[in-house]
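Listing of input-v5.cif, mmCIF, C-alpha atoms and all ligand atoms
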```cif
data_target
#
loop_
_atom_site.group_PDB
_atom_site.id
_atom_site.type_symbol
_atom_site.label_atom_id
_atom_site.label_comp_id
_atom_site.auth_asym_id
_atom_site.auth_seq_id
_atom_site.Cartn_x
_atom_site.Cartn_y
_atom_site.Cartn_z
ATOM 1 C CA MET A 1 16.774 -32.995 -1.949
ATOM 2 C CA ASP A 2 15.042 -32.992 -5.339
ATOM 3 C CA LEU A 3 12.032 -30.728 -4.985
ATOM 4 C CA LYS A 4 10.679 -31.846 -8.407
ATOM 5 C CA LEU A 5 9.600 -28.326 -9.286
ATOM 6 C CA LYS A 6 11.441 -27.965 -12.604
ATOM 7 C CA ASN A 7 9.249 -26.635 -15.425
ATOM 8 C CA LYS A 8 6.237 -26.010 -13.186
ATOM 9 C CA VAL A 9 4.440 -22.686 -13.667
ATOM 10 C CA ALA A 10 3.832 -20.370 -10.692
ATOM 11 C CA VAL A 11 1.672 -17.244 -10.514
ATOM 12 C CA ILE A 12 2.759 -14.858 -7.742
ATOM 13 C CA THR A 13 0.711 -11.780 -6.889
ATOM 14 C CA GLY A 14 2.770 -8.954 -5.449
ATOM 15 C CA GLY A 15 5.808 -10.539 -7.055
ATOM 16 C CA SER A 16 7.775 -7.373 -7.822
ATOM 17 C CA VAL A 17 9.423 -6.644 -4.439
ATOM 18 C CA GLY A 18 9.709 -7.905 -0.866
ATOM 19 C CA ILE A 19 8.441 -11.365 0.035
ATOM 20 C CA GLY A 20 6.779 -12.054 -3.326
ATOM 21 C CA LEU A 21 9.985 -11.281 -5.209
ATOM 22 C CA ALA A 22 12.033 -13.476 -2.868
ATOM 23 C CA VAL A 23 9.594 -16.360 -3.429
ATOM 24 C CA ALA A 24 9.817 -15.735 -7.183
ATOM 25 C CA GLU A 25 13.612 -15.919 -7.120
ATOM 26 C CA ALA A 26 13.643 -19.034 -4.959
ATOM 27 C CA LEU A 27 11.153 -20.829 -7.220
ATOM 28 C CA ALA A 28 13.033 -19.750 -10.341
ATOM 29 C CA ALA A 29 16.205 -21.226 -8.831
ATOM 30 C CA GLU A 30 14.312 -24.561 -8.830
ATOM 31 C CA GLY A 31 13.473 -24.152 -12.532
ATOM 32 C CA VAL A 32 9.916 -22.821 -12.100
ATOM 33 C CA HIS A 33 8.500 -20.531 -14.811
ATOM 34 C CA LEU A 34 6.809 -17.417 -13.460
ATOM 35 C CA VAL A 35 3.909 -15.022 -13.850
ATOM 36 C CA LEU A 36 4.562 -12.019 -11.615
ATOM 37 C CA ALA A 37 1.695 -9.584 -11.008
ATOM 38 C CA ALA A 38 1.752 -6.143 -9.373
ATOM 39 C CA ARG A 39 0.336 -2.690 -10.070
ATOM 40 C CA GLY A 40 3.597 -0.952 -10.971
ATOM 41 C CA ALA A 41 4.191 -1.972 -14.592
ATOM 42 C CA ASP A 42 7.844 -0.963 -14.934
ATOM 43 C CA ARG A 43 9.018 -2.715 -11.773
ATOM 44 C CA VAL A 44 7.113 -5.964 -12.293
ATOM 45 C CA ARG A 45 8.248 -6.261 -15.923
ATOM 46 C CA ALA A 46 11.855 -5.401 -15.074
ATOM 47 C CA GLU A 47 12.023 -7.986 -12.267
ATOM 48 C CA ALA A 48 10.401 -10.644 -14.453
ATOM 49 C CA GLN A 49 12.946 -9.976 -17.189
ATOM 50 C CA ARG A 50 15.889 -9.967 -14.777
ATOM 51 C CA ILE A 51 14.895 -13.311 -13.247
ATOM 52 C CA ALA A 52 14.427 -14.853 -16.696
ATOM 53 C CA GLN A 53 17.913 -13.755 -17.730
ATOM 54 C CA GLN A 54 19.606 -14.804 -14.493
ATOM 55 C CA GLN A 55 17.849 -18.143 -13.929
ATOM 56 C CA GLY A 56 17.063 -19.309 -17.463
ATOM 57 C CA VAL A 57 13.316 -19.696 -16.868
ATOM 58 C CA ARG A 58 10.392 -18.188 -18.773
ATOM 59 C CA THR A 59 8.681 -15.274 -17.040
ATOM 60 C CA ILE A 60 6.088 -12.597 -17.678
ATOM 61 C CA GLY A 61 5.322 -9.511 -15.629
ATOM 62 C CA VAL A 62 1.672 -8.456 -15.598
ATOM 63 C CA ALA A 63 0.608 -4.983 -14.466
ATOM 64 C CA ALA A 64 -2.653 -5.492 -12.553
ATOM 65 C CA ASP A 65 -4.413 -4.423 -9.368
ATOM 66 C CA VAL A 66 -5.638 -7.629 -7.709
ATOM 67 C CA ALA A 67 -8.246 -5.676 -5.738
ATOM 68 C CA LYS A 68 -10.145 -5.191 -9.043
ATOM 69 C CA ALA A 69 -12.031 -8.134 -10.554
ATOM 70 C CA ALA A 70 -11.366 -7.087 -14.157
ATOM 71 C CA GLU A 71 -7.619 -6.859 -13.532
ATOM 72 C CA VAL A 72 -7.503 -10.291 -11.888
ATOM 73 C CA GLU A 73 -9.035 -11.537 -15.152
ATOM 74 C CA GLN A 74 -6.070 -10.004 -16.982
ATOM 75 C CA ILE A 75 -3.624 -12.020 -14.857
ATOM 76 C CA ILE A 76 -5.566 -15.229 -15.553
ATOM 77 C CA ALA A 77 -5.753 -14.474 -19.277
ATOM 78 C CA ALA A 78 -2.030 -13.696 -19.500
ATOM 79 C CA THR A 79 -1.191 -16.942 -17.661
ATOM 80 C CA LEU A 80 -3.375 -19.032 -19.944
ATOM 81 C CA ALA A 81 -2.013 -17.311 -23.057
ATOM 82 C CA GLU A 82 1.651 -17.712 -22.100
ATOM 83 C CA PHE A 83 1.691 -21.064 -20.294
ATOM 84 C CA GLY A 84 -1.734 -22.673 -20.832
ATOM 85 C CA GLY A 85 -2.363 -22.667 -17.056
ATOM 86 C CA ALA A 86 -0.568 -22.806 -13.723
ATOM 87 C CA ASP A 87 0.630 -25.432 -11.241
ATOM 88 C CA ILE A 88 1.270 -23.052 -8.342
ATOM 89 C CA LEU A 89 -0.585 -19.951 -7.144
ATOM 90 C CA ILE A 90 0.892 -17.719 -4.448
ATOM 91 C CA ASN A 91 -1.651 -15.151 -3.249
ATOM 92 C CA ASN A 92 0.781 -12.710 -1.672
ATOM 93 C CA ALA A 93 -0.204 -9.139 -2.632
ATOM 94 C CA GLY A 94 -1.298 -7.153 0.390
ATOM 95 C CA THR A 95 -0.429 -4.340 2.718
ATOM 96 C CA GLY A 96 -0.851 -3.120 6.266
ATOM 97 C CA SER A 97 -3.423 -0.563 7.398
ATOM 98 C CA ASN A 98 -3.706 2.085 10.094
ATOM 99 C CA GLU A 99 -7.050 3.169 11.591
ATOM 100 C CA THR A 100 -9.506 2.752 14.412
ATOM 101 C CA ILE A 101 -12.734 0.810 14.044
ATOM 102 C CA MET A 102 -14.708 3.838 15.216
ATOM 103 C CA GLU A 103 -13.285 6.101 12.535
ATOM 104 C CA ALA A 104 -12.601 3.955 9.448
ATOM 105 C CA PRO A 105 -15.224 4.382 6.697
ATOM 106 C CA ASP A 106 -16.928 1.485 4.891
ATOM 107 C CA ASP A 107 -14.973 1.990 1.698
ATOM 108 C CA LYS A 108 -11.674 1.328 3.495
ATOM 109 C CA TRP A 109 -13.019 -1.958 4.811
ATOM 110 C CA GLN A 110 -14.271 -2.812 1.311
ATOM 111 C CA TYR A 111 -10.883 -2.065 -0.281
ATOM 112 C CA TYR A 112 -9.000 -4.399 2.064
ATOM 113 C CA TRP A 113 -11.661 -7.080 1.665
ATOM 114 C CA ASP A 114 -11.155 -6.906 -2.101
ATOM 115 C CA LEU A 115 -7.345 -6.856 -1.778
ATOM 116 C CA HIS A 116 -6.866 -9.629 0.766
ATOM 117 C CA VAL A 117 -9.899 -11.883 0.281
ATOM 118 C CA MET A 118 -11.659 -11.394 -3.050
ATOM 119 C CA ALA A 119 -8.339 -11.375 -4.916
ATOM 120 C CA ALA A 120 -7.652 -14.868 -3.551
ATOM 121 C CA VAL A 121 -11.204 -16.034 -4.346
ATOM 122 C CA ARG A 122 -10.983 -14.733 -7.915
ATOM 123 C CA MET A 123 -7.458 -16.015 -8.537
ATOM 124 C CA ALA A 124 -8.511 -19.489 -7.339
ATOM 125 C CA ARG A 125 -11.654 -19.491 -9.497
ATOM 126 C CA GLY A 126 -9.545 -18.512 -12.476
ATOM 127 C CA LEU A 127 -6.659 -20.944 -12.051
ATOM 128 C CA VAL A 128 -8.084 -24.063 -10.364
ATOM 129 C CA PRO A 129 -9.605 -25.342 -13.656
ATOM 130 C CA SER A 130 -6.153 -25.394 -15.281
ATOM 131 C CA MET A 131 -4.625 -27.038 -12.187
ATOM 132 C CA ARG A 132 -7.251 -29.787 -12.479
ATOM 133 C CA GLN A 133 -6.348 -30.298 -16.149
ATOM 134 C CA ARG A 134 -2.665 -30.537 -15.206
ATOM 135 C CA GLY A 135 -3.368 -33.194 -12.575
ATOM 136 C CA GLY A 136 -3.043 -31.028 -9.454
ATOM 137 C CA GLY A 137 -1.428 -27.996 -7.951
ATOM 138 C CA VAL A 138 -0.526 -25.912 -4.932
ATOM 139 C CA ILE A 139 -2.152 -22.718 -3.648
ATOM 140 C CA LEU A 140 -0.470 -20.756 -0.857
ATOM 141 C CA HIS A 141 -1.874 -17.731 0.946
ATOM 142 C CA ASN A 142 0.450 -15.243 2.548
ATOM 143 C CA ALA A 143 -1.658 -13.954 5.459
ATOM 144 C CA SER A 144 0.137 -12.673 8.578
ATOM 145 C CA ILE A 145 0.674 -13.391 12.231
ATOM 146 C CA CYS A 146 -1.886 -10.573 12.624
ATOM 147 C CA ALA A 147 -4.540 -12.992 11.376
ATOM 148 C CA ALA A 148 -4.334 -14.652 14.795
ATOM 149 C CA GLN A 149 -2.488 -12.175 17.006
ATOM 150 C CA PRO A 150 -3.761 -8.693 16.173
ATOM 151 C CA LEU A 151 -1.858 -5.421 16.298
ATOM 152 C CA TRP A 152 -4.122 -2.739 17.781
ATOM 153 C CA TYR A 153 -3.442 -0.079 15.139
ATOM 154 C CA GLU A 154 -4.549 -2.110 12.106
ATOM 155 C CA PRO A 155 -7.966 -3.681 12.763
ATOM 156 C CA ILE A 156 -8.875 -3.869 9.076
ATOM 157 C CA TYR A 157 -5.637 -5.693 8.270
ATOM 158 C CA ASN A 158 -6.127 -8.119 11.182
ATOM 159 C CA THR A 159 -9.718 -8.881 10.187
ATOM 160 C CA THR A 160 -9.205 -9.345 6.454
ATOM 161 C CA LYS A 161 -6.083 -11.486 6.952
ATOM 162 C CA ALA A 162 -8.036 -13.701 9.377
ATOM 163 C CA ALA A 163 -10.717 -14.029 6.702
ATOM 164 C CA LEU A 164 -8.044 -15.016 4.173
ATOM 165 C CA MET A 165 -6.852 -17.755 6.531
ATOM 166 C CA MET A 166 -10.393 -19.149 6.798
ATOM 167 C CA PHE A 167 -10.860 -18.900 3.034
ATOM 168 C CA SER A 168 -7.656 -20.909 2.586
ATOM 169 C CA LYS A 169 -8.807 -23.615 4.998
ATOM 170 C CA THR A 170 -12.212 -23.866 3.330
ATOM 171 C CA LEU A 171 -10.795 -23.926 -0.198
ATOM 172 C CA SER A 172 -8.390 -26.678 0.843
ATOM 173 C CA THR A 173 -11.243 -29.069 1.639
ATOM 174 C CA GLU A 174 -13.009 -28.264 -1.628
ATOM 175 C CA VAL A 175 -10.085 -28.928 -3.967
ATOM 176 C CA VAL A 176 -8.026 -31.606 -2.199
ATOM 177 C CA LYS A 177 -9.929 -34.207 -4.259
ATOM 178 C CA ASP A 178 -8.343 -32.611 -7.348
ATOM 179 C CA ASN A 179 -4.847 -33.128 -5.915
ATOM 180 C CA ILE A 180 -4.589 -29.404 -5.170
ATOM 181 C CA ARG A 181 -2.990 -28.639 -1.801
ATOM 182 C CA VAL A 182 -3.949 -25.308 -0.186
ATOM 183 C CA ASN A 183 -2.151 -23.841 2.838
ATOM 184 C CA THR A 184 -1.511 -20.536 4.598
ATOM 185 C CA VAL A 185 1.765 -19.042 5.758
ATOM 186 C CA ASN A 186 1.659 -16.490 8.559
ATOM 187 C CA PRO A 187 4.898 -14.510 8.663
ATOM 188 C CA GLY A 188 6.008 -12.415 11.615
ATOM 189 C CA LEU A 189 8.505 -9.583 11.078
ATOM 190 C CA ILE A 190 10.111 -9.874 7.650
ATOM 191 C CA LEU A 191 12.611 -7.215 6.657
ATOM 192 C CA THR A 192 11.414 -5.900 3.298
ATOM 193 C CA PRO A 193 12.374 -2.582 1.634
ATOM 194 C CA ASP A 194 9.021 -1.251 2.816
ATOM 195 C CA TRP A 195 9.952 -1.785 6.493
ATOM 196 C CA LYS A 196 13.251 0.020 5.905
ATOM 197 C CA ASN A 197 11.501 2.977 4.229
ATOM 198 C CA THR A 198 9.011 3.241 7.085
ATOM 199 C CA ALA A 199 11.816 3.145 9.662
ATOM 200 C CA ARG A 200 13.735 5.863 7.779
ATOM 201 C CA LYS A 201 10.634 8.084 7.761
ATOM 202 C CA LEU A 202 9.819 7.505 11.427
ATOM 203 C CA THR A 203 13.356 8.340 12.568
ATOM 204 C CA ALA A 204 14.050 11.202 10.129
ATOM 205 C CA GLU A 205 13.428 13.885 12.735
ATOM 206 C CA THR A 206 15.079 12.133 15.666
ATOM 207 C CA GLY A 207 18.592 11.413 14.403
ATOM 208 C CA GLY A 208 17.878 8.907 11.625
ATOM 209 C CA ASP A 209 18.832 5.710 13.476
ATOM 210 C CA TRP A 210 16.449 3.588 11.424
ATOM 211 C CA GLU A 211 18.385 0.374 12.066
ATOM 212 C CA GLY A 212 18.170 0.991 15.810
ATOM 213 C CA TYR A 213 14.432 1.528 15.431
ATOM 214 C CA LEU A 214 14.023 -1.787 13.589
ATOM 215 C CA ALA A 215 16.137 -3.561 16.211
ATOM 216 C CA SER A 216 13.827 -2.200 18.923
ATOM 217 C CA VAL A 217 10.752 -3.446 17.034
ATOM 218 C CA ALA A 218 12.321 -6.905 16.774
ATOM 219 C CA ARG A 219 13.300 -6.900 20.475
ATOM 220 C CA GLU A 220 9.755 -5.956 21.468
ATOM 221 C CA HIS A 221 7.889 -8.499 19.336
ATOM 222 C CA ALA A 222 10.071 -11.462 18.349
ATOM 223 C CA PRO A 223 11.751 -13.775 20.880
ATOM 224 C CA ILE A 224 14.467 -14.418 18.275
ATOM 225 C CA LYS A 225 15.189 -10.648 18.542
ATOM 226 C CA ARG A 226 15.645 -9.970 14.866
ATOM 227 C CA PHE A 227 13.651 -9.649 11.667
ATOM 228 C CA GLY A 228 13.529 -12.573 9.271
ATOM 229 C CA THR A 229 14.830 -12.084 5.765
ATOM 230 C CA PRO A 230 12.550 -12.492 2.745
ATOM 231 C CA GLU A 231 14.872 -15.330 1.667
ATOM 232 C CA GLU A 232 14.362 -17.238 4.939
ATOM 233 C CA LEU A 233 10.616 -17.055 4.415
ATOM 234 C CA ALA A 234 10.858 -17.874 0.706
ATOM 235 C CA ASN A 235 12.625 -21.165 1.498
ATOM 236 C CA PHE A 236 9.544 -22.253 3.428
ATOM 237 C CA PHE A 237 7.209 -21.305 0.570
ATOM 238 C CA VAL A 238 9.317 -23.351 -1.853
ATOM 239 C CA PHE A 239 9.174 -26.371 0.458
ATOM 240 C CA LEU A 240 5.362 -26.104 0.668
ATOM 241 C CA CYS A 241 5.178 -25.904 -3.144
ATOM 242 C CA SER A 242 7.190 -29.097 -3.512
ATOM 243 C CA GLU A 243 6.252 -32.763 -3.304
ATOM 244 C CA CYS A 244 8.261 -32.892 -0.069
ATOM 245 C CA ALA A 245 5.178 -31.258 1.487
ATOM 246 C CA SER A 246 2.736 -33.725 -0.108
ATOM 247 C CA TYR A 247 0.824 -34.386 3.147
ATOM 248 C CA CYS A 248 0.453 -30.678 4.062
ATOM 249 C CA VAL A 249 -3.170 -29.680 3.444
ATOM 250 C CA GLY A 250 -5.388 -26.983 4.943
ATOM 251 C CA SER A 251 -2.886 -25.827 7.537
ATOM 252 C CA THR A 252 -1.474 -22.512 8.678
ATOM 253 C CA TYR A 253 2.259 -22.343 9.296
ATOM 254 C CA TYR A 254 3.895 -19.583 11.328
ATOM 255 C CA VAL A 255 7.310 -18.326 10.279
ATOM 256 C CA ASP A 256 7.753 -15.705 12.959
ATOM 257 C CA GLY A 257 10.847 -16.188 15.122
ATOM 258 C CA GLY A 258 8.623 -17.164 18.047
ATOM 259 C CA MET A 259 6.373 -14.100 17.861
ATOM 260 C CA LEU A 260 3.069 -15.996 18.234
ATOM 261 C CA LYS A 261 2.225 -16.066 21.933
ATOM 262 C CA THR A 262 -0.231 -18.967 21.846
ATOM 263 C CA MET A 263 0.114 -22.686 21.070
HETATM 264 N N1 LIG A 301 6.890 -7.810 5.618
HETATM 265 C C1 LIG A 301 6.312 -8.321 6.699
HETATM 266 O O1 LIG A 301 6.823 -8.165 7.827
HETATM 267 C C2 LIG A 301 5.015 -9.106 6.585
HETATM 268 C C3 LIG A 301 4.561 -9.795 7.707
HETATM 269 C C4 LIG A 301 3.389 -10.524 7.641
HETATM 270 C C5 LIG A 301 2.683 -10.583 6.447
HETATM 271 N N2 LIG A 301 3.130 -9.903 5.366
HETATM 272 C C6 LIG A 301 2.336 -10.014 4.122
HETATM 273 O O2 LIG A 301 3.167 -10.445 3.064
HETATM 274 C C7 LIG A 301 2.696 -9.907 1.837
HETATM 275 C C8 LIG A 301 3.851 -9.231 1.121
HETATM 276 O O3 LIG A 301 4.349 -8.242 1.989
HETATM 277 P P1 LIG A 301 5.704 -7.448 1.710
HETATM 278 O O4 LIG A 301 6.163 -6.984 3.039
HETATM 279 O O5 LIG A 301 6.597 -8.229 0.825
HETATM 280 O O6 LIG A 301 5.096 -6.183 0.941
HETATM 281 P P2 LIG A 301 5.756 -5.134 -0.063
HETATM 282 O O7 LIG A 301 7.240 -5.181 0.037
HETATM 283 O O8 LIG A 301 5.039 -3.860 0.158
HETATM 284 O O9 LIG A 301 5.338 -5.731 -1.488
HETATM 285 C C9 LIG A 301 3.988 -5.827 -1.826
HETATM 286 C C10 LIG A 301 3.871 -6.375 -3.226
HETATM 287 O O10 LIG A 301 2.486 -6.454 -3.555
HETATM 288 C C11 LIG A 301 2.199 -5.607 -4.673
HETATM 289 N N3 LIG A 301 0.867 -5.072 -4.474
HETATM 290 C C12 LIG A 301 0.424 -4.287 -3.460
HETATM 291 N N4 LIG A 301 -0.878 -3.997 -3.645
HETATM 292 C C13 LIG A 301 -1.261 -4.600 -4.789
HETATM 293 C C14 LIG A 301 -2.472 -4.664 -5.524
HETATM 294 N N5 LIG A 301 -3.566 -4.017 -5.114
HETATM 295 N N6 LIG A 301 -2.506 -5.388 -6.661
HETATM 296 C C15 LIG A 301 -1.395 -6.031 -7.095
HETATM 297 N N7 LIG A 301 -0.220 -6.017 -6.442
HETATM 298 C C16 LIG A 301 -0.159 -5.306 -5.316
HETATM 299 C C17 LIG A 301 3.330 -4.582 -4.692
HETATM 300 O O11 LIG A 301 3.596 -4.007 -5.962
HETATM 301 P P3 LIG A 301 2.822 -2.670 -6.468
HETATM 302 O O12 LIG A 301 2.903 -1.665 -5.351
HETATM 303 O O13 LIG A 301 3.559 -2.274 -7.705
HETATM 304 O O14 LIG A 301 1.435 -3.116 -6.744
HETATM 305 C C18 LIG A 301 4.494 -5.483 -4.267
HETATM 306 O O15 LIG A 301 4.925 -6.265 -5.364
HETATM 307 C C19 LIG A 301 1.538 -8.971 2.180
HETATM 308 O O16 LIG A 301 0.318 -9.611 1.951
HETATM 309 C C20 LIG A 301 1.748 -8.699 3.666
HETATM 310 O O17 LIG A 301 0.533 -8.417 4.314
HETATM 311 C C21 LIG A 301 4.279 -9.158 5.402
#
```
Starting from the file, give its structure as structure tokens.
Ligand SMILES: NC(=O)c1ccc[n+]([C@@H]2O[C@H](COP(=O)([O-])OP(=O)(O)OC[C@H]3O[C@@H](n4cnc5c(N)ncnc54)[C@H](OP(=O)(O)O)[C@@H]3O)[C@@H](O)[C@H]2O)c1
Amino acid sequence: MDLKLKNKVAVITGGSVGIGLAVAEALAAEGVHLVLAARGADRVRAEAQRIAQQQGVRTIGVAADVAKAAEVEQIIAATLAEFGGADILINNAGTGSNETIMEAPDDKWQYYWDLHVMAAVRMARGLVPSMRQRGGGVILHNASICAAQPLWYEPIYNTTKAALMMFSKTLSTEVVKDNIRVNTVNPGLILTPDWKNTARKLTAETGGDWEGYLASVAREHAPIKRFGTPEELANFFVFLCSECASYCVGSTYYVDGGMLKTM
């Protein structure tokens, strides 16, 4: 299947590890040039360089915190300077939370709003004009199954990811006339290095069976009884970026091994 992605330009926030990095590698394998953005400068630049060498595409790594408006501007400026614009935007940077509604202060809510919602708003405002000039584009939002099926211990995550899903839907109707397709992907359990680190910490004092812990999490939540790999999820992102998904607009797709309990 020819995905017709060769020589497109993709901007991926949170592209230095985990899901974002897997999407970056999968797009690069299709000949897509990349702008990877993350806060940690060394890691994002090293991964960008490695992918360029291995896949023969052009890449840049931009050190920026997408929760800060001025740093989003830096990503936009670097993209315009290096590539003159973008065809694909993957708003992926994000992280879980842990709190109760009764105890979390306003500034924690504000931080996650900036990270999960305003980053996507600002990235779209910055890159949609260049997508229009290029004749169209694709914007994907990596929300979470928690946007629709909340986990009790992370109300701020659940709420801001649900807001991201609604932003995605609303943006899709605004820019479809410009041949820009906007969609959301809601992953379930995806086995990133971060999950492994958390499992190692949680089991450190009880024998260290971190793999057993992860297996129990998968058994509890996912009917498929295992985590997905970042690569399995990345394949779906690549499909949505391609012309093979040309009629997919304003939808939310679950990649969750059956974890969603509603229809
Ligand atoms: N893994 C899962 O099971 C799962 C399930 C559902 C949804 N998701 C969603 O998928 C996305 C990626 O998750 P992941 O598991 O791949 O996470 P991860 O392994 O922790 O990677 C997160 C990436 O985002 C970057 N990042 C974090 N905060 C940032 C900020 N403020 N500004 C710029 N970059 C930032 C990180 O780099 P720096 O730390 O260097 O900034 C890193 O590149 C998240 O939005 C997450 O909510 C994950």
For the interface of chain A with ligand LIG 301 (chain A) (cut-off 7 Å, counting all atoms listed in the file), please tabulate each contacting residue of chain A alongside its nearest pair of atoms and their separation in Å to one decimal, rows sorted by chain and increasing number, as a Markdown table.
```
| residue | atom | partner | partner_atom | distance |
| --- | --- | --- | --- | --- |
| A:Thr13 | CA | A:LIG301 | N7 | 5.9 |
| A:Gly14 | CA | A:LIG301 | O10 | 3.1 |
| A:Gly15 | CA | A:LIG301 | O15 | 4.7 |
| A:Ser16 | CA | A:LIG301 | O15 | 3.9 |
| A:Val17 | CA | A:LIG301 | O15 | 4.6 |
| A:Gly18 | CA | A:LIG301 | O5 | 3.6 |
| A:Ile19 | CA | A:LIG301 | O5 | 3.7 |
| A:Gly20 | CA | A:LIG301 | O5 | 5.6 |
| A:Ala37 | CA | A:LIG301 | N7 | 6.1 |
| A:Ala38 | CA | A:LIG301 | N7 | 3.5 |
| A:Arg39 | CA | A:LIG301 | O14 | 3.5 |
| A:Gly40 | CA | A:LIG301 | O13 | 3.5 |
| A:Ala41 | CA | A:LIG301 | O13 | 6.9 |
| A:Arg43 | CA | A:LIG301 | O13 | 6.8 |
| A:Val44 | CA | A:LIG301 | O13 | 6.9 |
| A:Ala64 | CA | A:LIG301 | C15 | 5.6 |
| A:Asp65 | CA | A:LIG301 | N6 | 3.4 |
| A:Val66 | CA | A:LIG301 | N6 | 4.0 |
| A:Ala67 | CA | A:LIG301 | N5 | 5.0 |
| A:Asn92 | CA | A:LIG301 | O16 | 4.8 |
| A:Ala93 | CA | A:LIG301 | O10 | 3.9 |
| A:Gly94 | CA | A:LIG301 | O16 | 3.3 |
| A:Thr95 | CA | A:LIG301 | O17 | 4.5 |
| A:Gly96 | CA | A:LIG301 | O17 | 5.8 |
| A:Leu115 | CA | A:LIG301 | N5 | 5.8 |
| A:Asn142 | CA | A:LIG301 | O2 | 5.5 |
| A:Ala143 | CA | A:LIG301 | C5 | 5.6 |
| A:Ser144 | CA | A:LIG301 | C5 | 3.9 |
| A:Ile145 | CA | A:LIG301 | C4 | 6.1 |
| A:Asn186 | CA | A:LIG301 | C4 | 6.3 |
| A:Pro187 | CA | A:LIG301 | C4 | 4.4 |
| A:Gly188 | CA | A:LIG301 | C3 | 4.9 |
| A:Leu189 | CA | A:LIG301 | O1 | 3.9 |
| A:Ile190 | CA | A:LIG301 | O1 | 3.7 |
| A:Leu191 | CA | A:LIG301 | N1 | 5.8 |
| A:Thr192 | CA | A:LIG301 | O7 | 5.3 |
| A:Pro193 | CA | A:LIG301 | O7 | 6.0 |
| A:Asp194 | CA | A:LIG301 | O7 | 5.1 |
| A:Trp195 | CA | A:LIG301 | N1 | 6.8 |
```
>> Rounded to one decimal, what separation in Å do you get between CA of Gly136 (chain A) and CA of Gly56 (chain A)?
In response: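 Going from CA of Gly136 (chain A) over to CA of Gly56 (chain A), I get 24.6 Å.
The coordinates place CA of Ser246 (chain A) at 24.6 Å from CA of Ala162 (chain A).
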Output of the PyMOL selection byres (((chain A and resi 163) around 12) and not hetatm), listed as a CSV table (one decimal) with C-alpha atoms, in the frame of the given file:
```csv
chain,number,residue,atom,x,y,z
A,112,TYR,CA,-9.0,-4.4,2.1
A,113,TRP,CA,-11.7,-7.1,1.7
A,114,ASP,CA,-11.2,-6.9,-2.1
A,115,LEU,CA,-7.3,-6.9,-1.8
A,116,HIS,CA,-6.9,-9.6,0.8
A,117,VAL,CA,-9.9,-11.9,0.3
A,118,MET,CA,-11.7,-11.4,-3.0
A,120,ALA,CA,-7.7,-14.9,-3.6
A,121,VAL,CA,-11.2,-16.0,-4.3
A,141,HIS,CA,-1.9,-17.7,0.9
A,142,ASN,CA,0.4,-15.2,2.5
A,143,ALA,CA,-1.7,-14.0,5.5
A,144,SER,CA,0.1,-12.7,8.6
A,146,CYS,CA,-1.9,-10.6,12.6
A,147,ALA,CA,-4.5,-13.0,11.4
A,148,ALA,CA,-4.3,-14.7,14.8
A,156,ILE,CA,-8.9,-3.9,9.1
A,157,TYR,CA,-5.6,-5.7,8.3
A,158,ASN,CA,-6.1,-8.1,11.2
A,159,THR,CA,-9.7,-8.9,10.2
A,160,THR,CA,-9.2,-9.3,6.5
A,161,LYS,CA,-6.1,-11.5,7.0
A,162,ALA,CA,-8.0,-13.7,9.4
A,164,LEU,CA,-8.0,-15.0,4.2
A,165,MET,CA,-6.9,-17.8,6.5
A,166,MET,CA,-10.4,-19.1,6.8
A,167,PHE,CA,-10.9,-18.9,3.0
A,168,SER,CA,-7.7,-20.9,2.6
A,169,LYS,CA,-8.8,-23.6,5.0
A,170,THR,CA,-12.2,-23.9,3.3
A,184,THR,CA,-1.5,-20.5,4.6
```
Centre, x/y/z edge lengths, axis-aligned box for region 37-41 of chain A with 4 Å per side, as JSON:
```
{"center_x": 2.3, "center_y": -5.3, "center_z": -12.0, "size_x": 11.9, "size_y": 16.6, "size_z": 13.2}
```
> Separation of CA of Asn235 (chain A) and CA of Arg200 (chain A), in Å?
Replying inline: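 Taking CA of Asn235 (chain A) as the start and CA of Arg200 (chain A) as the end point, the length is 27.8 Å.
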> Using only C-alpha atoms, which of the listed residues (A:Gly126, A:Gly207, A:Pro230, A:Pro223) sits closest to Ala22 (chain A)?
Replying inline: A:Pro230
>> Ranking A:Ile76, A:Val175, A:Met259, A:Val23 by minimum distance to Phe237 (chain A) and counting all atoms listed in the file, which one comes first?
In response: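 Checking each of A:Ile76, A:Val175, A:Met259, A:Val23 against Phe237 (chain A), counting all atoms listed in the file, the winner is A:Val23.
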> For Ile12 (chain A), which residue among A:Leu240, A:Ala29, A:Ala245, A:Val62 is the nearest when counting only C-alpha atoms?
Replying inline: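 The answer is A:Val62, which sits nearest to Ile12 (chain A).
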>> Starting from the PyMOL selection byres (((chain A and resi 155) around 8) and not hetatm), expand the selection into actual residues of this file and give them as a PyMOL selection string.
In response: chain A and resi 97-101+150-154+156-159
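In this comparison, which uses all atoms listed in the file, the residue of A:Met1, A:Leu140, A:Val249, A:Ala199 approaching Glu211 (chain A) most closely is A:Ala199.
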>> Just want the 12 Å neighbourhood of Arg226 (chain A), counted on all atoms listed in the file, with same-chain residues fewer than 4 positions away dropped. Output as a ChimeraX atom specification.
In response: /A:188-191,211-222,256-259
> So which residues touch Glu82 (chain A) within 12 Å, counting only C-alpha atoms, skipping near sequence neighbours fewer than 5 positions away, as number ranges by chain?
Replying inline: A: 9-11, 33-35, 58-62, 75-77
Kindly write region 17-25 of chain A with C-alpha atoms to a file, as a compact mmCIF listing (two decimals), in the first residue's frame.
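Written output follows (result.txt):
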```txt
# COMPACT_ATOMS: atom_id res chain seq x y z
CA VAL A 17 10.51 8.89 23.77
CA GLY A 18 7.52 6.57 24.10
CA ILE A 19 4.57 6.92 21.74
CA GLY A 20 5.78 10.15 20.10
CA LEU A 21 9.14 8.61 19.25
CA ALA A 22 7.49 5.48 17.84
CA VAL A 23 5.26 7.65 15.63
CA ALA A 24 8.34 9.62 14.55
CA GLU A 25 10.17 6.44 13.54
```
